[in-house]
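Q: One file: coords-v5.pdb (PDB, C-alpha atoms).
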ATOM      1  CA  MET A   1     -21.023 -50.426  11.312
ATOM      2  CA  THR A   2     -18.029 -48.268  10.314
ATOM      3  CA  ASP A   3     -20.251 -46.078   8.087
ATOM      4  CA  GLN A   4     -22.643 -45.505  11.002
ATOM      5  CA  ARG A   5     -19.754 -44.479  13.272
ATOM      6  CA  GLY A   6     -18.403 -42.140  10.588
ATOM      7  CA  GLN A   7     -21.826 -40.564  10.107
ATOM      8  CA  ALA A   8     -22.278 -40.235  13.859
ATOM      9  CA  ALA A   9     -18.838 -38.579  14.158
ATOM     10  CA  GLN A  10     -19.712 -36.136  11.360
ATOM     11  CA  LEU A  11     -23.009 -35.313  13.071
ATOM     12  CA  ILE A  12     -21.199 -34.687  16.379
ATOM     13  CA  ILE A  13     -18.663 -32.450  14.592
ATOM     14  CA  LEU A  14     -21.494 -30.489  12.972
ATOM     15  CA  VAL A  15     -23.366 -30.067  16.295
ATOM     16  CA  VAL A  16     -20.181 -28.895  18.076
ATOM     17  CA  ALA A  17     -19.321 -26.492  15.251
ATOM     18  CA  LEU A  18     -22.852 -25.084  15.174
ATOM     19  CA  SER A  19     -22.752 -24.582  18.944
ATOM     20  CA  LEU A  20     -19.648 -22.414  18.455
ATOM     21  CA  ILE A  21     -21.442 -20.128  16.026
ATOM     22  CA  GLY A  22     -22.164 -16.725  17.525
ATOM     23  CA  CYS A  23     -24.121 -13.966  15.863
ATOM     24  CA  THR A  24     -22.446 -10.585  16.364
ATOM     25  CA  GLY A  25     -23.834  -7.524  14.582
ATOM     26  CA  HIS A  26     -25.535  -9.759  11.983
ATOM     27  CA  ALA A  27     -22.357 -11.655  11.053
ATOM     28  CA  ARG A  28     -21.736 -15.179  12.302
ATOM     29  CA  VAL A  29     -18.386 -15.671  13.978
ATOM     30  CA  ILE A  30     -17.619 -19.404  14.075
ATOM     31  CA  SER A  31     -14.221 -19.110  15.755
ATOM     32  CA  THR A  32     -13.200 -16.162  17.893
ATOM     33  CA  PHE A  33      -9.866 -14.415  18.338
ATOM     34  CA  GLY A  34      -7.509 -16.322  20.607
ATOM     35  CA  GLU A  35      -9.688 -19.432  20.661
ATOM     36  CA  TRP A  36      -8.892 -22.150  18.164
ATOM     37  CA  ARG A  37     -10.591 -25.500  17.986
ATOM     38  CA  ASP A  38     -10.319 -28.282  15.476
ATOM     39  CA  GLY A  39     -13.303 -29.721  13.626
ATOM     40  CA  GLY A  40     -14.045 -31.934  16.642
ATOM     41  CA  GLY A  41     -14.217 -29.037  19.107
ATOM     42  CA  THR A  42     -10.829 -29.789  20.705
ATOM     43  CA  PRO A  43      -8.725 -26.720  21.600
ATOM     44  CA  ARG A  44      -5.612 -26.319  19.414
ATOM     45  CA  ASP A  45      -2.081 -25.784  20.695
ATOM     46  CA  HIS A  46      -1.739 -22.113  19.721
ATOM     47  CA  ALA A  47      -3.952 -19.047  19.607
ATOM     48  CA  HIS A  48      -6.195 -18.160  16.689
ATOM     49  CA  GLU A  49      -4.814 -14.949  15.163
ATOM     50  CA  GLY A  50      -8.125 -13.646  13.824
ATOM     51  CA  VAL A  51     -11.817 -14.478  13.679
ATOM     52  CA  ASP A  52     -13.568 -16.829  11.288
ATOM     53  CA  VAL A  53     -16.667 -15.206   9.807
ATOM     54  CA  TRP A  54     -19.143 -17.628   8.253
ATOM     55  CA  GLY A  55     -20.360 -17.376   4.700
ATOM     56  CA  GLN A  56     -21.284 -19.672   1.860
ATOM     57  CA  LEU A  57     -18.813 -20.885  -0.718
ATOM     58  CA  ASP A  58     -18.201 -18.119  -3.301
ATOM     59  CA  ASP A  59     -19.941 -15.406  -1.228
ATOM     60  CA  PRO A  60     -18.246 -12.035  -1.736
ATOM     61  CA  VAL A  61     -15.570 -10.918   0.737
ATOM     62  CA  LEU A  62     -15.664  -7.164   1.387
ATOM     63  CA  ALA A  63     -12.929  -4.695   2.337
ATOM     64  CA  ALA A  64     -13.528  -3.750   5.981
ATOM     65  CA  ALA A  65     -12.162  -0.215   5.455
ATOM     66  CA  ASP A  66     -10.633   1.973   2.748
ATOM     67  CA  GLY A  67      -7.084   0.929   1.966
ATOM     68  CA  ARG A  68      -4.562  -0.345  -0.513
ATOM     69  CA  VAL A  69      -3.701  -3.941  -1.430
ATOM     70  CA  TRP A  70      -0.529  -4.702   0.512
ATOM     71  CA  ASP A  71      -0.143  -8.392  -0.285
ATOM     72  CA  LEU A  72      -2.012 -11.112  -2.143
ATOM     73  CA  ARG A  73      -0.829 -14.624  -2.807
ATOM     74  CA  VAL A  74      -1.358 -18.277  -2.061
ATOM     75  CA  LEU A  75       0.351 -19.920   0.901
ATOM     76  CA  PRO A  76       0.024 -23.705   0.628
ATOM     77  CA  GLY A  77       0.459 -26.230   3.395
ATOM     78  CA  ARG A  78      -0.439 -26.868   6.997
ATOM     79  CA  GLY A  79      -1.074 -23.761   9.035
ATOM     80  CA  SER A  80      -1.522 -21.506   6.030
ATOM     81  CA  CYS A  81      -4.452 -19.312   5.147
ATOM     82  CA  GLY A  82      -4.351 -20.380   1.495
ATOM     83  CA  LYS A  83      -5.274 -17.711  -1.018
ATOM     84  CA  PHE A  84      -5.430 -14.367   0.772
ATOM     85  CA  VAL A  85      -5.583 -10.595   0.382
ATOM     86  CA  GLU A  86      -3.991  -8.213   2.882
ATOM     87  CA  LEU A  87      -4.957  -4.531   2.900
ATOM     88  CA  ARG A  88      -3.032  -1.623   4.408
ATOM     89  CA  HIS A  89      -5.072   1.149   6.015
ATOM     90  CA  ASP A  90      -3.479   4.530   6.737
ATOM     91  CA  LEU A  91      -5.275   6.266   9.602
ATOM     92  CA  THR A  92      -4.927   8.975  12.177
ATOM     93  CA  ILE A  93      -5.159   8.001  15.831
ATOM     94  CA  ASP A  94      -4.970  10.740  18.477
ATOM     95  CA  GLY A  95      -3.689  13.134  15.821
ATOM     96  CA  GLU A  96      -0.815  10.838  14.847
ATOM     97  CA  PRO A  97      -0.469   8.806  11.625
ATOM     98  CA  ALA A  98      -0.965   5.073  12.091
ATOM     99  CA  THR A  99      -1.087   1.997   9.900
ATOM    100  CA  ALA A 100      -3.391  -0.974  10.269
ATOM    101  CA  ARG A 101      -3.639  -4.089   8.126
ATOM    102  CA  THR A 102      -6.536  -6.446   7.546
ATOM    103  CA  LYS A 103      -6.058  -9.939   6.114
ATOM    104  CA  TYR A 104      -8.731 -12.106   4.454
ATOM    105  CA  CYS A 105      -7.904 -15.831   4.107
ATOM    106  CA  HIS A 106      -9.249 -19.014   2.483
ATOM    107  CA  LEU A 107     -10.420 -17.229  -0.675
ATOM    108  CA  SER A 108     -11.403 -19.083  -3.840
ATOM    109  CA  GLU A 109     -10.224 -16.107  -5.893
ATOM    110  CA  TYR A 110      -9.407 -12.454  -5.500
ATOM    111  CA  LEU A 111     -10.636  -9.541  -7.576
ATOM    112  CA  VAL A 112      -7.905  -7.040  -6.735
ATOM    113  CA  SER A 113      -4.303  -6.567  -7.777
ATOM    114  CA  ALA A 114      -1.129  -5.508  -5.978
ATOM    115  CA  ASP A 115      -1.083  -1.877  -4.815
ATOM    116  CA  GLN A 116      -4.704  -1.295  -5.907
ATOM    117  CA  GLU A 117      -6.763   1.175  -3.865
ATOM    118  CA  VAL A 118     -10.000  -0.243  -2.460
ATOM    119  CA  LYS A 119     -12.988   1.295  -0.727
ATOM    120  CA  ARG A 120     -14.838  -0.030   2.305
ATOM    121  CA  GLY A 121     -17.466  -2.547   1.169
ATOM    122  CA  GLU A 122     -15.759  -3.246  -2.177
ATOM    123  CA  VAL A 123     -15.657  -6.920  -3.148
ATOM    124  CA  ILE A 124     -12.024  -8.059  -2.943
ATOM    125  CA  GLY A 125     -12.558 -11.802  -3.403
ATOM    126  CA  TYR A 126     -14.802 -14.788  -2.732
ATOM    127  CA  ILE A 127     -15.042 -17.265   0.141
ATOM    128  CA  GLY A 128     -13.309 -20.521  -0.703
ATOM    129  CA  ARG A 129     -11.723 -23.535   0.952
ATOM    130  CA  THR A 130      -8.030 -22.858   0.345
ATOM    131  CA  GLY A 131      -5.349 -23.299   2.975
ATOM    132  CA  TRP A 132      -5.597 -25.170   6.226
ATOM    133  CA  MET A 133      -9.027 -24.915   7.813
ATOM    134  CA  ALA A 134      -9.105 -26.652  11.232
ATOM    135  CA  GLN A 135      -8.617 -30.362  10.769
ATOM    136  CA  PRO A 136     -10.355 -32.727  10.502
ATOM    137  CA  ILE A 137     -11.946 -30.880   7.582
ATOM    138  CA  GLN A 138     -14.938 -28.907   8.749
ATOM    139  CA  PRO A 139     -18.344 -30.050   7.538
ATOM    140  CA  ILE A 140     -19.572 -28.494   4.317
ATOM    141  CA  GLY A 141     -21.608 -25.414   5.191
ATOM    142  CA  LEU A 142     -19.005 -23.974   7.577
ATOM    143  CA  GLU A 143     -17.016 -22.182   4.885
ATOM    144  CA  HIS A 144     -15.691 -18.868   6.140
ATOM    145  CA  VAL A 145     -13.251 -16.030   5.712
ATOM    146  CA  HIS A 146     -10.477 -15.921   8.298
ATOM    147  CA  TRP A 147     -10.086 -12.221   9.117
ATOM    148  CA  GLU A 148      -7.069 -10.704  10.896
ATOM    149  CA  VAL A 149      -6.291  -7.166  12.028
ATOM    150  CA  ARG A 150      -2.909  -5.705  12.923
ATOM    151  CA  LEU A 151      -2.369  -2.248  14.376
ATOM    152  CA  TYR A 152       1.208  -1.065  14.904
ATOM    153  CA  GLY A 153       2.197  -4.604  13.865
ATOM    154  CA  ARG A 154       0.279  -6.176  16.777
ATOM    155  CA  LEU A 155      -2.546  -8.664  16.224
ATOM    156  CA  LEU A 156      -5.902  -7.459  17.529
ATOM    157  CA  ASP A 157      -9.358  -8.934  17.832
ATOM    158  CA  PRO A 158     -11.272  -7.211  14.991
ATOM    159  CA  VAL A 159     -14.682  -7.520  16.684
ATOM    160  CA  PRO A 160     -14.340  -4.543  19.103
ATOM    161  CA  TYR A 161     -13.419  -2.292  16.138
ATOM    162  CA  THR A 162     -16.318  -3.473  13.968
ATOM    163  CA  VAL A 163     -19.348  -1.193  13.737
ATOM    164  CA  GLY A 164     -21.591  -3.644  11.875
ATOM    165  CA  CYS A 165     -22.434  -4.510   8.315
ATOM    166  CA  PHE A 166     -21.371  -2.269   5.443
ATOM    167  CA  ASP A 167     -24.055   0.252   4.507
ATOM    168  CA  PRO A 168     -23.336   2.261   1.334
ATOM    169  CA  LYS A 169     -25.555   5.102   2.613
ATOM    170  CA  ARG A 170     -23.573   5.547   5.814
ATOM    171  CA  ILE A 171     -20.554   7.822   6.276
ATOM    172  CA  TYR A 172     -17.839   6.136   8.327
ATOM    173  CA  PRO A 173     -15.193   7.953  10.376
ATOM    174  CA  THR A 174     -11.780   8.233   8.740
ATOM    175  CA  HIS A 175      -9.810   8.510  11.991
ATOM    176  CA  GLY A 176      -9.101   5.530  14.192
ATOM    177  CA  LEU A 177      -9.713   1.897  13.381
ATOM    178  CA  VAL A 178     -13.352   1.627  12.243
ATOM    179  CA  LEU A 179     -14.193  -1.621  10.439
ATOM    180  CA  THR A 180     -17.267  -3.239   8.907
ATOM    181  CA  TRP A 181     -17.788  -6.986   8.559
ATOM    182  CA  PRO A 182     -15.945  -8.672   5.657
ATOM    183  CA  VAL A 183     -19.178 -10.369   4.529
ATOM    184  CA  ARG A 184     -22.603  -9.123   3.487
ATOM    185  CA  CYS A 185     -25.178  -9.514   6.195
TER
END
As structure tokens, what does this structure read like?
A:
Amino acid sequence: MTDQRGQAAQLIILVVALSLIGCTGHARVISTFGEWRDGGGTPRDHAHEGVDVWGQLDDPVLAAADGRVWDLRVLPGRGSCGKFVELRHDLTIDGEPATARTKYCHLSEYLVSADQEVKRGEVIGYIGRTGWMAQPIQPIGLEHVHWEVRLYGRLLDPVPYTVGCFDPKRIYPTHGLVLTWPVRC
């Protein structure tokens, strides 16, 4: 009887999680900015500081814009994003210099080193299951990269600044905050 209840609970968790999946510009966002729910669909006690973009375990994670590796490390424990890479992007907004940062969490490994320059669309790591990923543990198949954006030190929802999937044939603007999805789509 207990096994049946456990299986039923897992099925309910999977159905709730799948109902949260939205498809935006050919990338699947499974948890939006500001909203944060646990694996059972219950709202959490504080805001989600980024978006969770679905991918399969060990899928490549792509730089959303040209930049330089600002930070990379592993943060263990509850509330952490595990193994992550943070990029710094120097831009010009309204003729003035500005700095943005993008952060990519829950990686299985990273392929960049400190202070390395990266180009938009370059593989910087792989989707993993490190850090704290909405407890109870999400069903297998909902692996993702947690993706944050800061501009002038303030957290922003990356979705309004995202122009779609990376296309190596396209020329992207170098002024303002113009991002592509951190996964291939």
Q: Pull the closest atom pair for each residue of segment 45-103 of chain A that gets at most 12 Å from segment 161-169 of chain A, along with the distance in Å to one decimal, counting all atoms listed in the file, ordering rows by chain and then ascending residue number, as JSON lines.
A:
{"residue": "A:Val51", "atom": "CA", "partner": "A:Thr162", "partner_atom": "CA", "distance": 11.9}
{"residue": "A:Val61", "atom": "CA", "partner": "A:Phe166", "partner_atom": "CA", "distance": 11.4}
{"residue": "A:Leu62", "atom": "CA", "partner": "A:Phe166", "partner_atom": "CA", "distance": 8.5}
{"residue": "A:Ala63", "atom": "CA", "partner": "A:Phe166", "partner_atom": "CA", "distance": 9.3}
{"residue": "A:Ala64", "atom": "CA", "partner": "A:Phe166", "partner_atom": "CA", "distance": 8.0}
{"residue": "A:Ala65", "atom": "CA", "partner": "A:Phe166", "partner_atom": "CA", "distance": 9.4}
{"residue": "A:Asp66", "atom": "CA", "partner": "A:Phe166", "partner_atom": "CA", "distance": 11.9}
{"residue": "A:Ala100", "atom": "CA", "partner": "A:Tyr161", "partner_atom": "CA", "distance": 11.7}
{"residue": "A:Thr102", "atom": "CA", "partner": "A:Tyr161", "partner_atom": "CA", "distance": 11.8}
Q: Go ahead and save the residues from that selection, with C-alpha atoms, as a PDB file, in the frame of the given file.
A:
ATOM      1  CA  VAL A  51     -11.817 -14.478  13.679  1.00  0.00           C
ATOM      2  CA  VAL A  61     -15.570 -10.918   0.737  1.00  0.00           C
ATOM      3  CA  LEU A  62     -15.664  -7.164   1.387  1.00  0.00           C
ATOM      4  CA  ALA A  63     -12.929  -4.695   2.337  1.00  0.00           C
ATOM      5  CA  ALA A  64     -13.528  -3.750   5.981  1.00  0.00           C
ATOM      6  CA  ALA A  65     -12.162  -0.215   5.455  1.00  0.00           C
ATOM      7  CA  ASP A  66     -10.633   1.973   2.748  1.00  0.00           C
ATOM      8  CA  ALA A 100      -3.391  -0.974  10.269  1.00  0.00           C
ATOM      9  CA  THR A 102      -6.536  -6.446   7.546  1.00  0.00           C
TER      10      THR A 102
END
Q: Choose the residue, out of A:Ile127, A:Ile93, A:Asp58, A:Cys81, that has the smallest atom-to-atom separation from Pro173 of chain A; count all atoms listed in the file.
A: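 Nearest candidate to Pro173 of chain A out of A:Ile127, A:Ile93, A:Asp58, A:Cys81: A:Ile93.
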Q: Which polymer residues, protein or nucleic acid, are no farther than 10 Å from (-3.3, -5.5, 7.4), counting only C-alpha atoms, as a PyMOL selection string?
A: chain A and resi 67-71+85-89+99-104+147-153+155
Q: When you count all atoms listed in the file, which of these residues is closest to Gly95 of chain A: A:Gly121, A:Gly176, A:Pro160, A:Pro182?
A: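 Among the listed residues, the smallest separation from Gly95 of chain A belongs to A:Gly176.
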Q: Applying the PyMOL selection byres ((chain A and resi 111) around 9) to the file I just gave you, which residues come out? Please list them as a PDB file with C-alpha atoms, in the frame of the given file.
A:
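In the end it all went to part_37.pdb:
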ATOM      1  CA  GLU A 109     -10.224 -16.107  -5.893  1.00  0.00           C
ATOM      2  CA  TYR A 110      -9.407 -12.454  -5.500  1.00  0.00           C
ATOM      3  CA  VAL A 112      -7.905  -7.040  -6.735  1.00  0.00           C
ATOM      4  CA  SER A 113      -4.303  -6.567  -7.777  1.00  0.00           C
ATOM      5  CA  VAL A 123     -15.657  -6.920  -3.148  1.00  0.00           C
ATOM      6  CA  ILE A 124     -12.024  -8.059  -2.943  1.00  0.00           C
ATOM      7  CA  GLY A 125     -12.558 -11.802  -3.403  1.00  0.00           C
ATOM      8  CA  TYR A 126     -14.802 -14.788  -2.732  1.00  0.00           C
TER       9      TYR A 126
END
Q: Hey, can you check how far atom CA of Val145 of chain A sits from atom CA of Thr92 of chain A?
A: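 Between atom CA of Val145 of chain A and atom CA of Thr92 of chain A the gap is 27.1 Å.
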Q: Measuring atom to atom with all atoms listed in the file, identify which of A:Ala98, A:Leu107, A:Leu91, A:Cys185 is nearest to Trp132 of chain A.
A: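 Distance minimum relative to Trp132 of chain A lands on A:Leu107.
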Q: Would you kindly return, as a PyMOL selection string, each protein, DNA or RNA residue with an atom no farther than 9 Å from any atom of Thr130 of chain A, considering only C-alpha atoms and excluding same-chain residues fewer than 3 positions away?
A: chain A and resi 74-76+80-84+105-108+127+133
Q: Which residue gives the smallest distance to Pro97 of chain A among A:Gln116, A:Ser31, A:Gln56, A:Thr174, with all atoms listed in the file counted?
A: A:Thr174
Q: Hey, can you check how far atom CA of Lys119 of chain A sits from atom CA of Asp52 of chain A?
A: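 Separation between atom CA of Lys119 of chain A and atom CA of Asp52 of chain A: 21.8 Å.
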